[in-house]
>>> print(open('start-v1.pdb').read())   # PDB, N, CA, C and O atoms
ATOM      1  N   MET A   1      29.589 266.271 -99.900
ATOM      2  CA  MET A   1      29.040 265.228-100.767
ATOM      3  C   MET A   1      29.692 263.896-100.394
ATOM      4  O   MET A   1      30.904 263.797-100.275
ATOM      5  N   ALA A   2      28.879 262.895-100.204
ATOM      6  CA  ALA A   2      29.377 261.562 -99.871
ATOM      7  C   ALA A   2      28.850 260.573-100.902
ATOM      8  O   ALA A   2      27.740 260.724-101.407
ATOM      9  N   ILE A   3      29.661 259.591-101.190
ATOM     10  CA  ILE A   3      29.260 258.544-102.130
ATOM     11  C   ILE A   3      29.109 257.244-101.336
ATOM     12  O   ILE A   3      29.994 256.882-100.562
ATOM     13  N   ARG A   4      27.993 256.596-101.528
ATOM     14  CA  ARG A   4      27.746 255.322-100.846
ATOM     15  C   ARG A   4      27.666 254.213-101.881
ATOM     16  O   ARG A   4      26.948 254.321-102.866
ATOM     17  N   VAL A   5      28.440 253.166-101.647
ATOM     18  CA  VAL A   5      28.398 251.991-102.513
ATOM     19  C   VAL A   5      27.349 251.046-101.920
ATOM     20  O   VAL A   5      27.462 250.641-100.767
ATOM     21  N   LYS A   6      26.344 250.706-102.705
ATOM     22  CA  LYS A   6      25.221 249.908-102.220
ATOM     23  C   LYS A   6      25.410 248.414-102.465
ATOM     24  O   LYS A   6      24.451 247.662-102.539
ATOM     25  N   LEU A   7      26.653 247.983-102.561
ATOM     26  CA  LEU A   7      26.936 246.600-102.933
ATOM     27  C   LEU A   7      26.394 245.603-101.912
ATOM     28  O   LEU A   7      25.821 244.586-102.284
ATOM     29  N   ARG A   8      26.569 245.883-100.633
ATOM     30  CA  ARG A   8      26.087 244.945 -99.604
ATOM     31  C   ARG A   8      24.590 244.699 -99.768
ATOM     32  O   ARG A   8      24.121 243.561 -99.736
ATOM     33  N   ASP A   9      23.814 245.766 -99.955
ATOM     34  CA  ASP A   9      22.360 245.646-100.135
ATOM     35  C   ASP A   9      22.015 244.822-101.376
ATOM     36  O   ASP A   9      21.124 243.970-101.342
ATOM     37  N   ILE A  10      22.715 245.078-102.462
ATOM     38  CA  ILE A  10      22.445 244.377-103.725
ATOM     39  C   ILE A  10      22.737 242.887-103.576
ATOM     40  O   ILE A  10      21.955 242.040-104.017
ATOM     41  N   LEU A  11      23.860 242.559-102.940
ATOM     42  CA  LEU A  11      24.214 241.153-102.749
ATOM     43  C   LEU A  11      23.187 240.445-101.860
ATOM     44  O   LEU A  11      22.791 239.315-102.146
ATOM     45  N   GLU A  12      22.739 241.123-100.807
ATOM     46  CA  GLU A  12      21.728 240.525 -99.921
ATOM     47  C   GLU A  12      20.430 240.265-100.677
ATOM     48  O   GLU A  12      19.825 239.206-100.534
ATOM     49  N   GLN A  13      20.006 241.232-101.490
ATOM     50  CA  GLN A  13      18.762 241.084-102.258
ATOM     51  C   GLN A  13      18.840 239.899-103.213
ATOM     52  O   GLN A  13      17.850 239.215-103.452
ATOM     53  N   ARG A  14      20.014 239.666-103.761
ATOM     54  CA  ARG A  14      20.181 238.606-104.764
ATOM     55  C   ARG A  14      20.644 237.278-104.178
ATOM     56  O   ARG A  14      20.773 236.296-104.906
ATOM     57  N   GLY A  15      20.938 237.269-102.895
ATOM     58  CA  GLY A  15      21.401 236.038-102.267
ATOM     59  C   GLY A  15      22.778 235.608-102.741
ATOM     60  O   GLY A  15      23.072 234.421-102.852
ATOM     61  N   ILE A  16      23.638 236.577-103.019
ATOM     62  CA  ILE A  16      25.000 236.301-103.488
ATOM     63  C   ILE A  16      25.964 236.656-102.362
ATOM     64  O   ILE A  16      25.877 237.735-101.779
ATOM     65  N   SER A  17      26.886 235.751-102.072
ATOM     66  CA  SER A  17      27.872 236.026-101.020
ATOM     67  C   SER A  17      29.008 236.877-101.580
ATOM     68  O   SER A  17      29.224 236.940-102.802
ATOM     69  N   GLN A  18      29.725 237.510-100.669
ATOM     70  CA  GLN A  18      30.889 238.293-101.084
ATOM     71  C   GLN A  18      31.921 237.389-101.748
ATOM     72  O   GLN A  18      32.533 237.768-102.744
ATOM     73  N   ARG A  19      32.080 236.206-101.214
ATOM     74  CA  ARG A  19      33.046 235.250-101.781
ATOM     75  C   ARG A  19      32.649 234.870-103.208
ATOM     76  O   ARG A  19      33.492 234.772-104.102
ATOM     77  N   GLU A  20      31.344 234.660-103.408
ATOM     78  CA  GLU A  20      30.855 234.305-104.744
ATOM     79  C   GLU A  20      31.102 235.449-105.728
ATOM     80  O   GLU A  20      31.522 235.234-106.860
ATOM     81  N   LEU A  21      30.857 236.688-105.293
ATOM     82  CA  LEU A  21      31.104 237.840-106.164
ATOM     83  C   LEU A  21      32.589 237.946-106.494
ATOM     84  O   LEU A  21      32.950 238.251-107.633
ATOM     85  N   ALA A  22      33.439 237.670-105.527
ATOM     86  CA  ALA A  22      34.888 237.700-105.777
ATOM     87  C   ALA A  22      35.248 236.700-106.877
ATOM     88  O   ALA A  22      36.029 237.010-107.777
ATOM     89  N   ARG A  23      34.665 235.501-106.815
ATOM     90  CA  ARG A  23      34.915 234.503-107.864
ATOM     91  C   ARG A  23      34.386 234.976-109.210
ATOM     92  O   ARG A  23      35.017 234.774-110.247
ATOM     93  N   MET A  24      33.199 235.579-109.215
ATOM     94  CA  MET A  24      32.574 236.023-110.470
ATOM     95  C   MET A  24      33.387 237.124-111.150
ATOM     96  O   MET A  24      33.414 237.205-112.380
ATOM     97  N   THR A  25      34.021 237.974-110.352
ATOM     98  CA  THR A  25      34.716 239.139-110.903
ATOM     99  C   THR A  25      36.220 238.971-111.014
ATOM    100  O   THR A  25      36.875 239.711-111.734
ATOM    101  N   GLY A  26      36.775 238.017-110.276
ATOM    102  CA  GLY A  26      38.228 237.872-110.228
ATOM    103  C   GLY A  26      38.877 238.845-109.262
ATOM    104  O   GLY A  26      40.099 238.924-109.178
ATOM    105  N   LEU A  27      38.059 239.560-108.496
ATOM    106  CA  LEU A  27      38.591 240.492-107.494
ATOM    107  C   LEU A  27      38.985 239.709-106.245
ATOM    108  O   LEU A  27      38.450 238.635-105.980
ATOM    109  N   ARG A  28      39.892 240.273-105.466
ATOM    110  CA  ARG A  28      40.248 239.656-104.193
ATOM    111  C   ARG A  28      39.069 239.769-103.235
ATOM    112  O   ARG A  28      38.316 240.756-103.268
ATOM    113  N   ALA A  29      38.914 238.796-102.369
ATOM    114  CA  ALA A  29      37.822 238.813-101.394
ATOM    115  C   ALA A  29      37.915 240.057-100.511
ATOM    116  O   ALA A  29      36.886 240.645-100.143
ATOM    117  N   SER A  30      39.117 240.486-100.186
ATOM    118  CA  SER A  30      39.280 241.681 -99.342
ATOM    119  C   SER A  30      38.784 242.936-100.049
ATOM    120  O   SER A  30      38.261 243.852 -99.411
ATOM    121  N   THR A  31      38.915 242.978-101.369
ATOM    122  CA  THR A  31      38.413 244.118-102.139
ATOM    123  C   THR A  31      36.897 244.158-102.099
ATOM    124  O   THR A  31      36.297 245.210-101.871
ATOM    125  N   VAL A  32      36.268 243.016-102.287
ATOM    126  CA  VAL A  32      34.806 242.941-102.231
ATOM    127  C   VAL A  32      34.333 243.304-100.831
ATOM    128  O   VAL A  32      33.375 244.062-100.661
ATOM    129  N   ASN A  33      35.017 242.802 -99.827
ATOM    130  CA  ASN A  33      34.661 243.116 -98.443
ATOM    131  C   ASN A  33      34.741 244.619 -98.197
ATOM    132  O   ASN A  33      33.854 245.202 -97.562
ATOM    133  N   HIS A  34      35.775 245.257 -98.703
ATOM    134  CA  HIS A  34      35.933 246.711 -98.558
ATOM    135  C   HIS A  34      34.771 247.450 -99.227
ATOM    136  O   HIS A  34      34.223 248.396 -98.663
ATOM    137  N   LEU A  35      34.380 247.004-100.418
ATOM    138  CA  LEU A  35      33.280 247.655-101.127
ATOM    139  C   LEU A  35      31.951 247.489-100.393
ATOM    140  O   LEU A  35      31.045 248.300-100.560
ATOM    141  N   CYS A  36      31.829 246.445 -99.590
ATOM    142  CA  CYS A  36      30.604 246.188 -98.836
ATOM    143  C   CYS A  36      30.598 246.906 -97.490
ATOM    144  O   CYS A  36      29.578 246.920 -96.801
ATOM    145  N   SER A  37      31.712 247.499 -97.113
ATOM    146  CA  SER A  37      31.792 248.180 -95.818
ATOM    147  C   SER A  37      31.216 249.587 -95.932
ATOM    148  O   SER A  37      30.940 250.085 -97.024
ATOM    149  N   ASP A  38      31.034 250.216 -94.792
ATOM    150  CA  ASP A  38      30.524 251.595 -94.768
ATOM    151  C   ASP A  38      31.646 252.610 -94.881
ATOM    152  O   ASP A  38      31.413 253.802 -94.811
ATOM    153  N   LYS A  39      32.861 252.140 -95.039
ATOM    154  CA  LYS A  39      34.020 253.034 -95.032
ATOM    155  C   LYS A  39      34.745 253.062 -96.374
ATOM    156  O   LYS A  39      35.960 253.137 -96.415
ATOM    157  N   VAL A  40      34.014 252.983 -97.454
ATOM    158  CA  VAL A  40      34.642 253.031 -98.775
ATOM    159  C   VAL A  40      35.083 254.472 -99.034
ATOM    160  O   VAL A  40      34.274 255.381 -99.094
ATOM    161  N   ASP A  41      36.398 254.663 -99.138
ATOM    162  CA  ASP A  41      36.910 256.008 -99.379
ATOM    163  C   ASP A  41      37.489 256.153-100.781
ATOM    164  O   ASP A  41      37.526 257.242-101.324
ATOM    165  N   ARG A  42      37.903 255.033-101.365
ATOM    166  CA  ARG A  42      38.477 255.034-102.709
ATOM    167  C   ARG A  42      38.106 253.755-103.417
ATOM    168  O   ARG A  42      38.061 252.703-102.808
ATOM    169  N   VAL A  43      37.917 253.895-104.698
ATOM    170  CA  VAL A  43      37.656 252.694-105.489
ATOM    171  C   VAL A  43      38.039 253.001-106.936
ATOM    172  O   VAL A  43      37.879 254.122-107.401
ATOM    173  N   TYR A  44      38.579 252.020-107.600
ATOM    174  CA  TYR A  44      38.926 252.190-109.012
ATOM    175  C   TYR A  44      37.681 252.010-109.876
ATOM    176  O   TYR A  44      36.854 251.137-109.607
ATOM    177  N   LEU A  45      37.578 252.821-110.901
ATOM    178  CA  LEU A  45      36.439 252.703-111.816
ATOM    179  C   LEU A  45      36.417 251.329-112.479
ATOM    180  O   LEU A  45      35.349 250.766-112.705
ATOM    181  N   GLU A  46      37.593 250.776-112.743
ATOM    182  CA  GLU A  46      37.661 249.433-113.336
ATOM    183  C   GLU A  46      37.025 248.398-112.414
ATOM    184  O   GLU A  46      36.371 247.464-112.874
ATOM    185  N   THR A  47      37.214 248.571-111.111
ATOM    186  CA  THR A  47      36.627 247.649-110.132
ATOM    187  C   THR A  47      35.109 247.750-110.163
ATOM    188  O   THR A  47      34.409 246.733-110.190
ATOM    189  N   LEU A  48      34.594 248.987-110.171
ATOM    190  CA  LEU A  48      33.141 249.177-110.236
ATOM    191  C   LEU A  48      32.580 248.593-111.525
ATOM    192  O   LEU A  48      31.507 248.002-111.533
ATOM    193  N   GLU A  49      33.325 248.742-112.607
ATOM    194  CA  GLU A  49      32.884 248.206-113.896
ATOM    195  C   GLU A  49      32.788 246.676-113.845
ATOM    196  O   GLU A  49      31.817 246.094-114.337
ATOM    197  N   LEU A  50      33.774 246.029-113.239
ATOM    198  CA  LEU A  50      33.748 244.566-113.105
ATOM    199  C   LEU A  50      32.525 244.118-112.298
ATOM    200  O   LEU A  50      31.847 243.168-112.667
ATOM    201  N   VAL A  51      32.260 244.825-111.206
ATOM    202  CA  VAL A  51      31.125 244.478-110.351
ATOM    203  C   VAL A  51      29.813 244.672-111.110
ATOM    204  O   VAL A  51      28.938 243.805-111.091
ATOM    205  N   CYS A  52      29.686 245.795-111.798
ATOM    206  CA  CYS A  52      28.461 246.072-112.565
ATOM    207  C   CYS A  52      28.233 245.013-113.647
ATOM    208  O   CYS A  52      27.103 244.549-113.829
ATOM    209  N   LYS A  53      29.283 244.640-114.351
ATOM    210  CA  LYS A  53      29.141 243.622-115.399
ATOM    211  C   LYS A  53      28.738 242.278-114.814
ATOM    212  O   LYS A  53      27.877 241.592-115.352
ATOM    213  N   ALA A  54      29.370 241.890-113.703
ATOM    214  CA  ALA A  54      29.085 240.597-113.089
ATOM    215  C   ALA A  54      27.642 240.519-112.589
ATOM    216  O   ALA A  54      27.003 239.475-112.670
ATOM    217  N   LEU A  55      27.142 241.648-112.070
ATOM    218  CA  LEU A  55      25.784 241.673-111.510
ATOM    219  C   LEU A  55      24.738 242.155-112.514
ATOM    220  O   LEU A  55      23.553 242.206-112.197
ATOM    221  N   ASN A  56      25.208 242.540-113.702
ATOM    222  CA  ASN A  56      24.316 243.054-114.749
ATOM    223  C   ASN A  56      23.495 244.249-114.261
ATOM    224  O   ASN A  56      22.266 244.271-114.369
ATOM    225  N   ILE A  57      24.208 245.222-113.675
ATOM    226  CA  ILE A  57      23.564 246.440-113.193
ATOM    227  C   ILE A  57      24.313 247.645-113.730
ATOM    228  O   ILE A  57      25.430 247.523-114.236
ATOM    229  N   SER A  58      23.699 248.812-113.642
ATOM    230  CA  SER A  58      24.352 250.042-114.081
ATOM    231  C   SER A  58      25.046 250.681-112.883
ATOM    232  O   SER A  58      24.747 250.381-111.733
ATOM    233  N   ILE A  59      25.946 251.597-113.179
ATOM    234  CA  ILE A  59      26.724 252.246-112.124
ATOM    235  C   ILE A  59      25.820 253.024-111.165
ATOM    236  O   ILE A  59      26.062 253.077-109.975
ATOM    237  N   ASP A  60      24.740 253.601-111.676
ATOM    238  CA  ASP A  60      23.852 254.382-110.802
ATOM    239  C   ASP A  60      23.039 253.480-109.873
ATOM    240  O   ASP A  60      22.494 253.944-108.879
ATOM    241  N   GLU A  61      22.961 252.189-110.174
ATOM    242  CA  GLU A  61      22.326 251.244-109.257
ATOM    243  C   GLU A  61      23.303 250.851-108.138
ATOM    244  O   GLU A  61      22.876 250.468-107.056
ATOM    245  N   LEU A  62      24.582 250.975-108.420
ATOM    246  CA  LEU A  62      25.620 250.550-107.474
ATOM    247  C   LEU A  62      26.033 251.655-106.512
ATOM    248  O   LEU A  62      26.290 251.386-105.338
ATOM    249  N   ILE A  63      26.102 252.881-106.996
ATOM    250  CA  ILE A  63      26.538 253.963-106.107
ATOM    251  C   ILE A  63      25.439 255.002-105.947
ATOM    252  O   ILE A  63      24.622 255.215-106.828
ATOM    253  N   GLU A  64      25.467 255.645-104.788
ATOM    254  CA  GLU A  64      24.487 256.679-104.467
ATOM    255  C   GLU A  64      25.261 257.888-103.973
ATOM    256  O   GLU A  64      26.140 257.762-103.122
ATOM    257  N   ILE A  65      24.950 259.045-104.507
ATOM    258  CA  ILE A  65      25.604 260.276-104.068
ATOM    259  C   ILE A  65      24.675 260.959-103.080
ATOM    260  O   ILE A  65      23.512 261.235-103.389
ATOM    261  N   GLU A  66      25.193 261.157-101.879
ATOM    262  CA  GLU A  66      24.383 261.739-100.808
ATOM    263  C   GLU A  66      24.725 263.205-100.622
ATOM    264  O   GLU A  66      25.824 263.617-100.778
TER     265      GLU A  66
END
>>> encode(input="start-v1.pdb", output="structure tokens")
Amino acid sequence: MAIRVKLRDILEQRGISQRELARMTGLRASTVNHLCSDKVDRVYLETLELVCKALNISIDELIEIE
């Protein structure tokens, strides 16, 4: 079972940069960059919650279980 974070796709669809999302959430730019990569191996639920709130999306819109 693999989990894919679809953040890069969501940001592209909305025209939001990673830097802008970092400002919106208070997360470090490197954290946002990691979430947008294909190599996400760990993530804190609090981080996902911040991203979901900032983008007004649900967790199932953000992650996909393959």
>>> resolve_selection(input="start-v1.pdb", expression="the PyMOL selection byres ((chain A and resi 26-36) around 8)", output="VMD selection string")
chain A and resid 4 to 9 18 to 25 37 to 43 47 50 62
>>> select_by_dssp(input="start-v1.pdb", residues="chain A", states="helix (DSSP H, G or I)", output="ChimeraX atom specification")
/A:7-14,18-25,29-36,45-55,59-62
>>> residues_around(input="start-v1.pdb", residues="Ile10 of chain A", least_positions_apart="5", cutoff="7 Å", atoms="only N, CA, C and O atoms", output="PyMOL selection string")
chain A and resi 15-16+61
>>> atom_distance(input="start-v1.pdb", atom1="atom CA of Glu12 of chain A", atom2="atom CA of Ile57 of chain A")
14.6 Å
>>> select_by_dssp(input="start-v1.pdb", residues="chain A", states="strand (DSSP E or B)", output="list of chain:residue names")
A:Ile3, A:Arg4, A:Val5, A:Ile63, A:Glu64, A:Ile65
>>> atom_distance(input="start-v1.pdb", atom1="atom CA of Leu55 of chain A", atom2="atom CA of Ser17 of chain A")
12.1 Å
>>> residues_around(input="start-v1.pdb", residues="Ile65 of chain A", least_positions_apart="4", cutoff="8 Å", atoms="only C-alpha atoms", output="number ranges by chain")
A: 1-4
>>> atom_distance(input="start-v1.pdb", atom1="atom CA of Glu46 of chain A", atom2="atom O of Gln13 of chain A")
24.4 Å
>>> axis_aligned_box(input="start-v1.pdb", around="segment 17-31 of chain A", padding_each_side="3 Å", output="JSON")
{"center_x": 33.6, "center_y": 239.8, "center_z": -105.9, "size_x": 19.4, "size_y": 16.9, "size_z": 19.0}
>>> residues_around(input="start-v1.pdb", residues="Ser58 of chain A", least_positions_apart="6", cutoff="8 Å", atoms="all atoms listed in the file", output="list in words")
Leu48, Val51 and Cys52 of chain A
>>> decode(input="start-v1.pdb", residues="segment 38-56 of chain A", atoms="C-alpha atoms", output="PDB file, in the first residue's frame")
ATOM      1  CA  ASP A  38       7.151  12.065  -5.227  1.00  0.00           C
ATOM      2  CA  LYS A  39       9.165  10.829  -2.265  1.00  0.00           C
ATOM      3  CA  VAL A  40       6.914  11.655   0.677  1.00  0.00           C
ATOM      4  CA  ASP A  41       7.635   8.951   3.234  1.00  0.00           C
ATOM      5  CA  ARG A  42       6.460  10.667   6.422  1.00  0.00           C
ATOM      6  CA  VAL A  43       4.225  13.522   7.276  1.00  0.00           C
ATOM      7  CA  TYR A  44       2.644  14.811  10.457  1.00  0.00           C
ATOM      8  CA  LEU A  45      -1.136  14.834  10.601  1.00  0.00           C
ATOM      9  CA  GLU A  46      -0.944  18.392  11.945  1.00  0.00           C
ATOM     10  CA  THR A  47       0.881  19.412   8.759  1.00  0.00           C
ATOM     11  CA  LEU A  48      -1.791  17.832   6.552  1.00  0.00           C
ATOM     12  CA  GLU A  49      -4.454  19.559   8.635  1.00  0.00           C
ATOM     13  CA  LEU A  50      -2.803  22.969   8.118  1.00  0.00           C
ATOM     14  CA  VAL A  51      -2.620  22.380   4.364  1.00  0.00           C
ATOM     15  CA  CYS A  52      -6.246  21.215   4.171  1.00  0.00           C
ATOM     16  CA  LYS A  53      -7.475  24.238   6.133  1.00  0.00           C
ATOM     17  CA  ALA A  54      -5.453  26.692   4.042  1.00  0.00           C
ATOM     18  CA  LEU A  55      -6.732  25.198   0.774  1.00  0.00           C
ATOM     19  CA  ASN A  56     -10.242  24.499   2.095  1.00  0.00           C
TER      20      ASN A  56
END
